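Visitor: Enclosed is the structure file run_20.pdb (PDB, C-alpha atoms).
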ATOM      1  CA  MET H   2       0.000   0.000   0.000  1.00  0.00           C
ATOM      2  CA  SER H   3       1.014   3.558  -0.599  1.00  0.00           C
ATOM      3  CA  PRO H   4      -0.173   6.850   0.970  1.00  0.00           C
ATOM      4  CA  ARG H   5      -1.818   7.629  -2.396  1.00  0.00           C
ATOM      5  CA  ASP H   6      -4.080   4.552  -2.129  1.00  0.00           C
ATOM      6  CA  LEU H   7      -7.628   5.043  -0.909  1.00  0.00           C
ATOM      7  CA  VAL H   8      -8.135   2.399   1.780  1.00  0.00           C
ATOM      8  CA  LEU H   9     -11.496   1.628   3.371  1.00  0.00           C
ATOM      9  CA  THR H  10     -11.304   0.966   7.112  1.00  0.00           C
ATOM     10  CA  PRO H  11     -14.066   0.350   9.678  1.00  0.00           C
ATOM     11  CA  ARG H  12     -13.746   4.036  10.679  1.00  0.00           C
ATOM     12  CA  GLY H  13     -13.743   5.620   7.209  1.00  0.00           C
ATOM     13  CA  LEU H  14     -11.517   5.949   4.181  1.00  0.00           C
ATOM     14  CA  ARG H  15      -7.805   6.560   4.683  1.00  0.00           C
ATOM     15  CA  PHE H  16      -6.140   8.704   2.013  1.00  0.00           C
ATOM     16  CA  MET H  17      -2.995  10.824   2.076  1.00  0.00           C
ATOM     17  CA  GLY H  18      -2.750  10.875   5.863  1.00  0.00           C
ATOM     18  CA  ARG H  19      -6.416  11.736   6.440  1.00  0.00           C
ATOM     19  CA  LEU H  20      -9.314   9.603   7.625  1.00  0.00           C
ATOM     20  CA  LEU H  21     -12.488  10.649   5.828  1.00  0.00           C
ATOM     21  CA  PRO H  22     -16.014   9.622   6.812  1.00  0.00           C
ATOM     22  CA  CYS H  23     -17.762   7.729   4.041  1.00  0.00           C
ATOM     23  CA  ALA H  24     -20.830   5.660   3.259  1.00  0.00           C
ATOM     24  CA  ILE H  25     -20.906   2.222   1.644  1.00  0.00           C
ATOM     25  CA  GLY H  26     -23.670   0.179   0.066  1.00  0.00           C
ATOM     26  CA  LYS H  27     -26.844  -0.675   1.979  1.00  0.00           C
ATOM     27  CA  GLY H  28     -25.969  -4.354   1.408  1.00  0.00           C
ATOM     28  CA  GLY H  29     -22.616  -3.960   3.180  1.00  0.00           C
ATOM     29  CA  LEU H  30     -19.434  -5.332   1.639  1.00  0.00           C
ATOM     30  CA  THR H  31     -19.384  -8.396  -0.601  1.00  0.00           C
ATOM     31  CA  GLN H  32     -16.970 -10.651  -2.408  1.00  0.00           C
ATOM     32  CA  SER H  33     -19.826 -11.846  -4.662  1.00  0.00           C
ATOM     33  CA  LYS H  34     -21.217  -8.632  -6.176  1.00  0.00           C
ATOM     34  CA  ARG H  35     -24.484  -8.977  -8.129  1.00  0.00           C
ATOM     35  CA  GLU H  36     -26.565  -6.382  -9.952  1.00  0.00           C
ATOM     36  CA  GLY H  37     -29.079  -4.798  -7.595  1.00  0.00           C
ATOM     37  CA  ASP H  38     -27.749  -6.292  -4.321  1.00  0.00           C
ATOM     38  CA  GLY H  39     -26.842  -2.858  -2.926  1.00  0.00           C
ATOM     39  CA  ALA H  40     -23.446  -4.126  -1.785  1.00  0.00           C
ATOM     40  CA  THR H  41     -20.025  -2.556  -2.238  1.00  0.00           C
ATOM     41  CA  PRO H  42     -17.556  -4.949  -3.893  1.00  0.00           C
ATOM     42  CA  VAL H  43     -14.474  -5.984  -1.945  1.00  0.00           C
ATOM     43  CA  GLY H  44     -11.131  -5.863  -3.748  1.00  0.00           C
ATOM     44  CA  VAL H  45      -8.532  -3.588  -5.255  1.00  0.00           C
ATOM     45  CA  HIS H  46     -10.141  -1.277  -7.772  1.00  0.00           C
ATOM     46  CA  ARG H  47      -8.750   1.574  -9.823  1.00  0.00           C
ATOM     47  CA  ILE H  48     -10.022   5.008 -10.765  1.00  0.00           C
ATOM     48  CA  ALA H  49     -10.946   4.772 -14.448  1.00  0.00           C
ATOM     49  CA  GLY H  50     -12.374   8.240 -14.976  1.00  0.00           C
ATOM     50  CA  MET H  51     -13.877  11.376 -13.481  1.00  0.00           C
ATOM     51  CA  LEU H  52     -17.097  13.174 -14.441  1.00  0.00           C
ATOM     52  CA  TYR H  53     -18.422  16.509 -13.196  1.00  0.00           C
ATOM     53  CA  ARG H  54     -21.394  18.846 -13.701  1.00  0.00           C
ATOM     54  CA  PRO H  55     -19.999  21.964 -15.432  1.00  0.00           C
ATOM     55  CA  ASP H  56     -23.154  23.929 -14.606  1.00  0.00           C
ATOM     56  CA  ARG H  57     -22.565  23.314 -10.879  1.00  0.00           C
ATOM     57  CA  MET H  58     -18.780  23.317 -10.426  1.00  0.00           C
ATOM     58  CA  LEU H  59     -15.454  23.959 -12.053  1.00  0.00           C
ATOM     59  CA  PRO H  60     -13.478  20.908 -13.147  1.00  0.00           C
ATOM     60  CA  PRO H  61     -11.563  19.521 -10.156  1.00  0.00           C
ATOM     61  CA  THR H  62      -8.711  18.306 -12.410  1.00  0.00           C
ATOM     62  CA  ASP H  63      -7.595  18.699 -16.001  1.00  0.00           C
ATOM     63  CA  TRP H  64      -8.696  15.129 -16.823  1.00  0.00           C
ATOM     64  CA  ALA H  65     -12.293  15.468 -15.544  1.00  0.00           C
ATOM     65  CA  VAL H  66     -14.965  15.107 -18.242  1.00  0.00           C
ATOM     66  CA  PRO H  67     -18.138  17.215 -18.175  1.00  0.00           C
ATOM     67  CA  ILE H  68     -21.513  15.474 -17.775  1.00  0.00           C
ATOM     68  CA  GLY H  69     -23.963  16.535 -20.452  1.00  0.00           C
ATOM     69  CA  PRO H  70     -27.790  16.477 -20.362  1.00  0.00           C
ATOM     70  CA  GLY H  71     -27.983  13.235 -22.363  1.00  0.00           C
ATOM     71  CA  ASP H  72     -25.334  11.276 -20.452  1.00  0.00           C
ATOM     72  CA  LEU H  73     -26.526   8.007 -18.907  1.00  0.00           C
ATOM     73  CA  TRP H  74     -24.985   4.841 -17.423  1.00  0.00           C
ATOM     74  CA  SER H  75     -26.418   1.485 -18.508  1.00  0.00           C
ATOM     75  CA  ASP H  76     -27.456  -0.845 -15.671  1.00  0.00           C
ATOM     76  CA  ASP H  77     -29.466  -3.342 -17.757  1.00  0.00           C
ATOM     77  CA  VAL H  78     -27.922  -6.808 -18.117  1.00  0.00           C
ATOM     78  CA  ARG H  79     -29.751  -7.193 -21.465  1.00  0.00           C
ATOM     79  CA  ASP H  80     -27.967  -4.138 -22.869  1.00  0.00           C
ATOM     80  CA  PRO H  81     -24.912  -4.739 -25.099  1.00  0.00           C
ATOM     81  CA  ASP H  82     -23.536  -1.561 -23.443  1.00  0.00           C
ATOM     82  CA  TYR H  83     -24.115  -2.851 -19.881  1.00  0.00           C
ATOM     83  CA  ASN H  84     -22.041  -0.923 -17.327  1.00  0.00           C
ATOM     84  CA  LEU H  85     -20.925   1.689 -19.835  1.00  0.00           C
ATOM     85  CA  MET H  86     -21.691   5.358 -20.302  1.00  0.00           C
ATOM     86  CA  VAL H  87     -24.372   5.779 -22.974  1.00  0.00           C
ATOM     87  CA  ARG H  88     -26.385   8.665 -24.435  1.00  0.00           C
ATOM     88  CA  ALA H  89     -30.093   9.421 -24.446  1.00  0.00           C
ATOM     89  CA  PRO H  90     -32.316   8.249 -25.916  1.00  0.00           C
ATOM     90  CA  HIS H  91     -31.429   4.764 -24.710  1.00  0.00           C
ATOM     91  CA  GLY H  92     -33.820   1.825 -24.907  1.00  0.00           C
ATOM     92  CA  PHE H  93     -32.497  -0.071 -21.900  1.00  0.00           C
ATOM     93  CA  SER H  94     -32.601   0.599 -18.154  1.00  0.00           C
ATOM     94  CA  HIS H  95     -30.046   3.201 -17.091  1.00  0.00           C
ATOM     95  CA  GLU H  96     -29.080   5.829 -14.528  1.00  0.00           C
ATOM     96  CA  ARG H  97     -29.131   9.501 -15.445  1.00  0.00           C
ATOM     97  CA  LEU H  98     -25.741  11.022 -14.743  1.00  0.00           C
ATOM     98  CA  ARG H  99     -27.136  14.554 -14.808  1.00  0.00           C
ATOM     99  CA  ARG H 100     -29.400  14.332 -11.764  1.00  0.00           C
ATOM    100  CA  ALA H 101     -31.630  16.924 -10.096  1.00  0.00           C
ATOM    101  CA  ASP H 102     -29.954  16.205  -6.736  1.00  0.00           C
ATOM    102  CA  PRO H 103     -26.191  16.755  -6.229  1.00  0.00           C
ATOM    103  CA  LEU H 104     -25.169  13.080  -5.824  1.00  0.00           C
ATOM    104  CA  TYR H 105     -23.489  12.893  -9.239  1.00  0.00           C
ATOM    105  CA  ASP H 106     -22.183  16.455  -9.496  1.00  0.00           C
ATOM    106  CA  LEU H 107     -18.742  14.835  -9.197  1.00  0.00           C
ATOM    107  CA  VAL H 108     -18.320  11.139 -10.013  1.00  0.00           C
ATOM    108  CA  LEU H 109     -15.197   9.006  -9.858  1.00  0.00           C
ATOM    109  CA  ILE H 110     -15.636   5.969 -12.082  1.00  0.00           C
ATOM    110  CA  THR H 111     -14.108   2.765 -10.753  1.00  0.00           C
ATOM    111  CA  ASP H 112     -12.979  -0.158 -12.863  1.00  0.00           C
ATOM    112  CA  TRP H 113     -15.361  -2.551 -11.080  1.00  0.00           C
ATOM    113  CA  ASN H 114     -16.717  -4.759 -13.878  1.00  0.00           C
ATOM    114  CA  TRP H 115     -15.596  -2.133 -16.387  1.00  0.00           C
ATOM    115  CA  PRO H 116     -14.966  -1.716 -19.309  1.00  0.00           C
ATOM    116  CA  ASN H 117     -15.511  -5.382 -20.253  1.00  0.00           C
ATOM    117  CA  ALA H 118     -18.493  -6.099 -18.041  1.00  0.00           C
ATOM    118  CA  VAL H 119     -19.688  -9.534 -17.010  1.00  0.00           C
ATOM    119  CA  LYS H 120     -23.501  -9.397 -17.173  1.00  0.00           C
ATOM    120  CA  GLY H 121     -25.023  -9.288 -13.689  1.00  0.00           C
ATOM    121  CA  ARG H 122     -21.799  -8.602 -11.729  1.00  0.00           C
ATOM    122  CA  GLY H 123     -22.883  -5.070 -10.924  1.00  0.00           C
ATOM    123  CA  SER H 124     -22.808  -1.715 -12.629  1.00  0.00           C
ATOM    124  CA  ALA H 125     -22.180   1.935 -11.844  1.00  0.00           C
ATOM    125  CA  ILE H 126     -19.871   1.362  -8.878  1.00  0.00           C
ATOM    126  CA  PHE H 127     -18.804   4.966  -8.411  1.00  0.00           C
ATOM    127  CA  ILE H 128     -17.400   7.276  -5.791  1.00  0.00           C
ATOM    128  CA  HIS H 129     -19.804  10.188  -5.405  1.00  0.00           C
ATOM    129  CA  GLN H 130     -21.396  12.638  -2.977  1.00  0.00           C
ATOM    130  CA  TRP H 131     -23.507  11.246  -0.161  1.00  0.00           C
ATOM    131  CA  ARG H 132     -27.112  12.144   0.613  1.00  0.00           C
ATOM    132  CA  ARG H 133     -26.155  12.743   4.232  1.00  0.00           C
ATOM    133  CA  PRO H 134     -23.596  11.288   6.659  1.00  0.00           C
ATOM    134  CA  GLY H 135     -24.019   7.552   7.117  1.00  0.00           C
ATOM    135  CA  TYR H 136     -26.814   7.199   4.532  1.00  0.00           C
ATOM    136  CA  PRO H 137     -26.006   4.054   2.521  1.00  0.00           C
ATOM    137  CA  THR H 138     -25.545   3.902  -1.241  1.00  0.00           C
ATOM    138  CA  GLU H 139     -26.627   1.328  -3.821  1.00  0.00           C
ATOM    139  CA  GLY H 140     -23.092  -0.145  -3.762  1.00  0.00           C
ATOM    140  CA  CYS H 141     -20.861   2.890  -4.255  1.00  0.00           C
ATOM    141  CA  LEU H 142     -18.638   4.786  -1.848  1.00  0.00           C
ATOM    142  CA  ALA H 143     -19.950   8.244  -0.937  1.00  0.00           C
ATOM    143  CA  PHE H 144     -18.476  11.301   0.772  1.00  0.00           C
ATOM    144  CA  SER H 145     -19.329  14.836   1.771  1.00  0.00           C
ATOM    145  CA  ARG H 146     -19.059  17.278  -1.116  1.00  0.00           C
ATOM    146  CA  SER H 147     -15.945  18.952   0.289  1.00  0.00           C
ATOM    147  CA  ASP H 148     -14.144  15.655   1.026  1.00  0.00           C
ATOM    148  CA  LEU H 149     -15.048  14.275  -2.407  1.00  0.00           C
ATOM    149  CA  ARG H 150     -13.600  17.342  -4.115  1.00  0.00           C
ATOM    150  CA  TRP H 151     -10.467  17.153  -1.922  1.00  0.00           C
ATOM    151  CA  ILE H 152     -10.002  13.496  -2.948  1.00  0.00           C
ATOM    152  CA  ALA H 153     -10.672  14.199  -6.636  1.00  0.00           C
ATOM    153  CA  GLN H 154      -8.060  16.950  -6.784  1.00  0.00           C
ATOM    154  CA  ARG H 155      -5.374  14.536  -5.576  1.00  0.00           C
ATOM    155  CA  LEU H 156      -6.151  11.442  -7.658  1.00  0.00           C
ATOM    156  CA  ARG H 157      -4.816  10.314 -10.999  1.00  0.00           C
ATOM    157  CA  PRO H 158      -6.313   7.799 -13.403  1.00  0.00           C
ATOM    158  CA  GLY H 159      -5.307   4.381 -12.112  1.00  0.00           C
ATOM    159  CA  SER H 160      -5.208   5.395  -8.436  1.00  0.00           C
ATOM    160  CA  ARG H 161      -6.108   2.400  -6.276  1.00  0.00           C
ATOM    161  CA  ILE H 162      -9.134   1.942  -4.025  1.00  0.00           C
ATOM    162  CA  ILE H 163      -8.609  -0.900  -1.580  1.00  0.00           C
ATOM    163  CA  ILE H 164     -11.763  -2.337  -0.023  1.00  0.00           C
ATOM    164  CA  PRO H 165     -10.806  -5.210   2.293  1.00  0.00           C
ATOM    165  CA  PRO H 166     -13.324  -7.762   3.548  1.00  0.00           C
ATOM    166  CA  VAL H 167     -14.641  -7.095   7.030  1.00  0.00           C
TER     167      VAL H 167
END
Before we go any further, please render this structure as structure tokens.

Guide:
Amino acid sequence: MSPRDLVLTPRGLRFMGRLLPCAIGKGGLTQSKREGDGATPVGVHRIAGMLYRPDRMLPPTDWAVPIGPGDLWSDDVRDPDYNLMVRAPHGFSHERLRRADPLYDLVLITDWNWPNAVKGRGSAIFIHQWRRPGYPTEGCLAFSRSDLRWIAQRLRPGSRIIIPPV
């Protein structure tokens, strides 16, 4: 492990000498991730990309990509583009990346089951803003807006997220 790794602990996420409060999936941690189980997958993952809402914030880094009105993320196992960013209109089940609430104003894309997804192993495992402290996610990691931005400004593509089993 290195100080630049993001490491989940029972007390929060450790990164660059800080311990940051975070939320995990409502299904807890799992070594057997399945679509819709609400669990956060255990393992060593990497940051594969960063998205942000340009109408709500400035880019946190030079490699962040703006989220447009038609940007979606496929979560339908029947979709040939399962667990990939897609554009509206899209005939399969998906998540809107440009949401009314602030949860996806800044999104760190992980390489969980991406880019070559295995159908049903889970989709859209992101790092994003939480609803409120301690409120669980659908399988992602979530942080306060200020902590998320602090993390994003210090990451590079390929940075590791280590989620050990409990």

Visitor: I want to know what sits within 6 Å of Glu36 in chain H, based on all atoms listed in the file, with residues of the same chain fewer than 6 positions away left out; could you give that as a compact mmCIF listing (two decimals) with C-alpha atoms, keeping the file's coordinate frame?

Guide:
# COMPACT_ATOMS: atom_id res chain seq x y z
CA GLY H 121 -25.02 -9.29 -13.69
CA ARG H 122 -21.80 -8.60 -11.73
CA GLY H 123 -22.88 -5.07 -10.92

Visitor: Here is a test: counting only C-alpha atoms, which residue of H:Pro55, H:Gly39, H:Gly135, H:Pro81 is nearest to Gly26 in chain H?

Guide: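 Closest residue, counting only C-alpha atoms: H:Gly39.
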
Visitor: Separation of CA of Ser147 in chain H and CA of Gly44 in chain H, in Å?

Guide: 25.6 Å

Visitor: If we count all atoms listed in the file, what is near range 96-100 of chain H at a cut-off of 8 Å, once residues fewer than 3 positions away on the same chain are taken out, given as a PDB file with C-alpha atoms, in the coordinates of the input?

Guide:
ATOM      1  CA  ARG H  54     -21.394  18.846 -13.701  1.00  0.00           C
ATOM      2  CA  ILE H  68     -21.513  15.474 -17.775  1.00  0.00           C
ATOM      3  CA  GLY H  69     -23.963  16.535 -20.452  1.00  0.00           C
ATOM      4  CA  PRO H  70     -27.790  16.477 -20.362  1.00  0.00           C
ATOM      5  CA  GLY H  71     -27.983  13.235 -22.363  1.00  0.00           C
ATOM      6  CA  ASP H  72     -25.334  11.276 -20.452  1.00  0.00           C
ATOM      7  CA  LEU H  73     -26.526   8.007 -18.907  1.00  0.00           C
ATOM      8  CA  TRP H  74     -24.985   4.841 -17.423  1.00  0.00           C
ATOM      9  CA  SER H  75     -26.418   1.485 -18.508  1.00  0.00           C
ATOM     10  CA  ASP H  76     -27.456  -0.845 -15.671  1.00  0.00           C
ATOM     11  CA  PRO H 103     -26.191  16.755  -6.229  1.00  0.00           C
ATOM     12  CA  LEU H 104     -25.169  13.080  -5.824  1.00  0.00           C
ATOM     13  CA  TYR H 105     -23.489  12.893  -9.239  1.00  0.00           C
ATOM     14  CA  ASP H 106     -22.183  16.455  -9.496  1.00  0.00           C
TER      15      ASP H 106
END

Visitor: Counting all atoms listed in the file, select every polymer residue within 12 Å of (-0.6, 12.7, 6.5) as defined in the file's coordinates, and provide the selection as a list in words.

Guide: Ser3, Pro4, Arg5, Arg15, Phe16, Met17, Gly18, Arg19 and Leu20 of chain H

Visitor: What's around Val45 in chain H at 7 Å? Count all atoms listed in the file, leave out sequence neighbours fewer than 2 positions away in its own chain, and write the answer as an mmCIF file with C-alpha atoms, keeping the file's coordinate frame.

Guide:
data_model
loop_
_atom_site.group_PDB
_atom_site.id
_atom_site.type_symbol
_atom_site.label_atom_id
_atom_site.label_comp_id
_atom_site.auth_asym_id
_atom_site.auth_seq_id
_atom_site.Cartn_x
_atom_site.Cartn_y
_atom_site.Cartn_z
ATOM 1 C CA ARG H 47 -8.750 1.574 -9.823
ATOM 2 C CA ARG H 161 -6.108 2.400 -6.276
ATOM 3 C CA ILE H 162 -9.134 1.942 -4.025
ATOM 4 C CA ILE H 163 -8.609 -0.900 -1.580
ATOM 5 C CA ILE H 164 -11.763 -2.337 -0.023
#

Visitor: Would you mind telling me which residue in H:Met58, H:Ala153, H:Leu107, H:Ala40 lies nearest to Ile126 in chain H when using all atoms listed in the file?

Guide: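 Using all atoms listed in the file, Ile126 in chain H sits closest to H:Ala40.
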
Visitor: Within 8 Å of Pro165 in chain H, counting only C-alpha atoms, which residues qualify if same-chain residues fewer than 4 places away don't, as a PyMOL selection string?

Guide: chain H and resi 9-10+43-44

Visitor: Quick one: of H:Leu156, H:Val167, H:Ala24, H:Cys141, who's nearest to Thr41 in chain H, counting all atoms listed in the file?

Guide: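 Among the listed residues, H:Cys141 lies closest to Thr41 in chain H.
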
Visitor: Could you jot down the CA of Gly37 in chain H to CA of Ile128 in chain H separation for me, Å, one decimal place?

Guide: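 Going from CA of Gly37 in chain H over to CA of Ile128 in chain H, I get 16.9 Å.
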
Visitor: Smallest atom-to-atom distance to Lys34 in chain H: which of H:Lys120, H:Leu142, H:Trp131, H:Arg155, using all atoms listed in the file?

Guide: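 Between H:Lys120, H:Leu142, H:Trp131, H:Arg155, the residue approaching Lys34 in chain H most closely is H:Lys120.
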
Visitor: Work out how far apart CA of Lys27 in chain H and CA of Trp151 in chain H are and give it in Å to one decimal.

Guide: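 These two atoms are separated by 24.5 Å.
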
Visitor: Kindly provide, as JSON, the centre and edge lengths (Å, one decimal) of an axis-aligned box around all atoms of range 18-31 of chain H given in the file, with 6 Å on each side.

Guide:
{"center_x": -14.8, "center_y": 1.7, "center_z": 3.5, "size_x": 36.1, "size_y": 32.1, "size_z": 20.2}

Visitor: Measuring atom to atom with all atoms listed in the file, identify which of H:Pro42, H:Trp64, H:Ser124, H:Ala101 is nearest to Val78 in chain H.

Guide: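 Of the candidates, the smallest distance to Val78 in chain H is held by H:Ser124.
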
Visitor: Which of these residues is nearest to Pro137 in chain H, using all atoms listed in the file: H:Pro116, H:Gly29, H:Ser94, H:Asp38?

Guide: H:Gly29

Visitor: Any chance you could resolve the PyMOL selection byres ((chain H and resi 50) around 7) against this file and give the residues as number ranges by chain?

Guide: H: 48-49, 51-52, 109-110, 158

Visitor: Could you rebuild range 34-51 of chain H with N, CA, C and O atoms and give it back as a PDB file, in the coordinates of the input?

Guide:
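Saved the output as rebuild_14.pdb:
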ATOM      1  N   LYS H  34     -20.364  -9.726  -5.708  1.00  0.00           N
ATOM      2  CA  LYS H  34     -21.217  -8.632  -6.176  1.00  0.00           C
ATOM      3  C   LYS H  34     -22.171  -9.101  -7.269  1.00  0.00           C
ATOM      4  O   LYS H  34     -21.777  -9.813  -8.185  1.00  0.00           O
ATOM      5  N   ARG H  35     -23.438  -8.691  -7.148  1.00  0.00           N
ATOM      6  CA  ARG H  35     -24.484  -8.977  -8.129  1.00  0.00           C
ATOM      7  C   ARG H  35     -25.276  -7.706  -8.383  1.00  0.00           C
ATOM      8  O   ARG H  35     -25.478  -6.895  -7.463  1.00  0.00           O
ATOM      9  N   GLU H  36     -25.748  -7.542  -9.588  1.00  0.00           N
ATOM     10  CA  GLU H  36     -26.565  -6.382  -9.952  1.00  0.00           C
ATOM     11  C   GLU H  36     -27.755  -6.260  -9.006  1.00  0.00           C
ATOM     12  O   GLU H  36     -28.474  -7.238  -8.774  1.00  0.00           O
ATOM     13  N   GLY H  37     -27.922  -5.074  -8.431  1.00  0.00           N
ATOM     14  CA  GLY H  37     -29.079  -4.798  -7.595  1.00  0.00           C
ATOM     15  C   GLY H  37     -28.983  -5.246  -6.146  1.00  0.00           C
ATOM     16  O   GLY H  37     -29.920  -5.046  -5.383  1.00  0.00           O
ATOM     17  N   ASP H  38     -27.845  -5.820  -5.709  1.00  0.00           N
ATOM     18  CA  ASP H  38     -27.749  -6.292  -4.321  1.00  0.00           C
ATOM     19  C   ASP H  38     -27.446  -5.169  -3.326  1.00  0.00           C
ATOM     20  O   ASP H  38     -27.515  -5.367  -2.119  1.00  0.00           O
ATOM     21  N   GLY H  39     -27.107  -3.990  -3.810  1.00  0.00           N
ATOM     22  CA  GLY H  39     -26.842  -2.858  -2.926  1.00  0.00           C
ATOM     23  C   GLY H  39     -25.534  -2.954  -2.171  1.00  0.00           C
ATOM     24  O   GLY H  39     -25.271  -2.148  -1.280  1.00  0.00           O
ATOM     25  N   ALA H  40     -24.697  -3.909  -2.511  1.00  0.00           N
ATOM     26  CA  ALA H  40     -23.446  -4.126  -1.785  1.00  0.00           C
ATOM     27  C   ALA H  40     -22.268  -3.469  -2.506  1.00  0.00           C
ATOM     28  O   ALA H  40     -22.270  -3.319  -3.724  1.00  0.00           O
ATOM     29  N   THR H  41     -21.266  -3.117  -1.723  1.00  0.00           N
ATOM     30  CA  THR H  41     -20.025  -2.556  -2.238  1.00  0.00           C
ATOM     31  C   THR H  41     -19.035  -3.700  -2.435  1.00  0.00           C
ATOM     32  O   THR H  41     -18.796  -4.481  -1.508  1.00  0.00           O
ATOM     33  N   PRO H  42     -18.459  -3.818  -3.641  1.00  0.00           N
ATOM     34  CA  PRO H  42     -17.556  -4.949  -3.893  1.00  0.00           C
ATOM     35  C   PRO H  42     -16.197  -4.802  -3.218  1.00  0.00           C
ATOM     36  O   PRO H  42     -15.564  -3.754  -3.272  1.00  0.00           O
ATOM     37  N   VAL H  43     -15.784  -5.878  -2.579  1.00  0.00           N
ATOM     38  CA  VAL H  43     -14.474  -5.984  -1.945  1.00  0.00           C
ATOM     39  C   VAL H  43     -13.418  -6.154  -3.046  1.00  0.00           C
ATOM     40  O   VAL H  43     -13.701  -6.738  -4.088  1.00  0.00           O
ATOM     41  N   GLY H  44     -12.227  -5.642  -2.812  1.00  0.00           N
ATOM     42  CA  GLY H  44     -11.131  -5.863  -3.748  1.00  0.00           C
ATOM     43  C   GLY H  44     -10.280  -4.625  -3.935  1.00  0.00           C
ATOM     44  O   GLY H  44     -10.450  -3.617  -3.244  1.00  0.00           O
ATOM     45  N   VAL H  45      -9.372  -4.717  -4.874  1.00  0.00           N
ATOM     46  CA  VAL H  45      -8.532  -3.588  -5.255  1.00  0.00           C
ATOM     47  C   VAL H  45      -9.060  -3.089  -6.595  1.00  0.00           C
ATOM     48  O   VAL H  45      -9.051  -3.818  -7.583  1.00  0.00           O
ATOM     49  N   HIS H  46      -9.556  -1.888  -6.585  1.00  0.00           N
ATOM     50  CA  HIS H  46     -10.141  -1.277  -7.772  1.00  0.00           C
ATOM     51  C   HIS H  46      -9.276  -0.077  -8.160  1.00  0.00           C
ATOM     52  O   HIS H  46      -8.480   0.407  -7.368  1.00  0.00           O
ATOM     53  N   ARG H  47      -9.500   0.405  -9.358  1.00  0.00           N
ATOM     54  CA  ARG H  47      -8.750   1.574  -9.823  1.00  0.00           C
ATOM     55  C   ARG H  47      -9.708   2.651 -10.307  1.00  0.00           C
ATOM     56  O   ARG H  47     -10.814   2.361 -10.735  1.00  0.00           O
ATOM     57  N   ILE H  48      -9.258   3.886 -10.220  1.00  0.00           N
ATOM     58  CA  ILE H  48     -10.022   5.008 -10.765  1.00  0.00           C
ATOM     59  C   ILE H  48      -9.848   4.977 -12.283  1.00  0.00           C
ATOM     60  O   ILE H  48      -8.729   5.035 -12.785  1.00  0.00           O
ATOM     61  N   ALA H  49     -10.975   4.875 -12.986  1.00  0.00           N
ATOM     62  CA  ALA H  49     -10.946   4.772 -14.448  1.00  0.00           C
ATOM     63  C   ALA H  49     -11.346   6.077 -15.129  1.00  0.00           C
ATOM     64  O   ALA H  49     -11.125   6.235 -16.328  1.00  0.00           O
ATOM     65  N   GLY H  50     -11.956   6.979 -14.379  1.00  0.00           N
ATOM     66  CA  GLY H  50     -12.374   8.240 -14.976  1.00  0.00           C
ATOM     67  C   GLY H  50     -12.994   9.149 -13.938  1.00  0.00           C
ATOM     68  O   GLY H  50     -13.252   8.751 -12.798  1.00  0.00           O
ATOM     69  N   MET H  51     -13.255  10.387 -14.360  1.00  0.00           N
ATOM     70  CA  MET H  51     -13.877  11.376 -13.481  1.00  0.00           C
ATOM     71  C   MET H  51     -14.846  12.212 -14.316  1.00  0.00           C
ATOM     72  O   MET H  51     -14.501  12.685 -15.394  1.00  0.00           O
TER      73      MET H  51
END
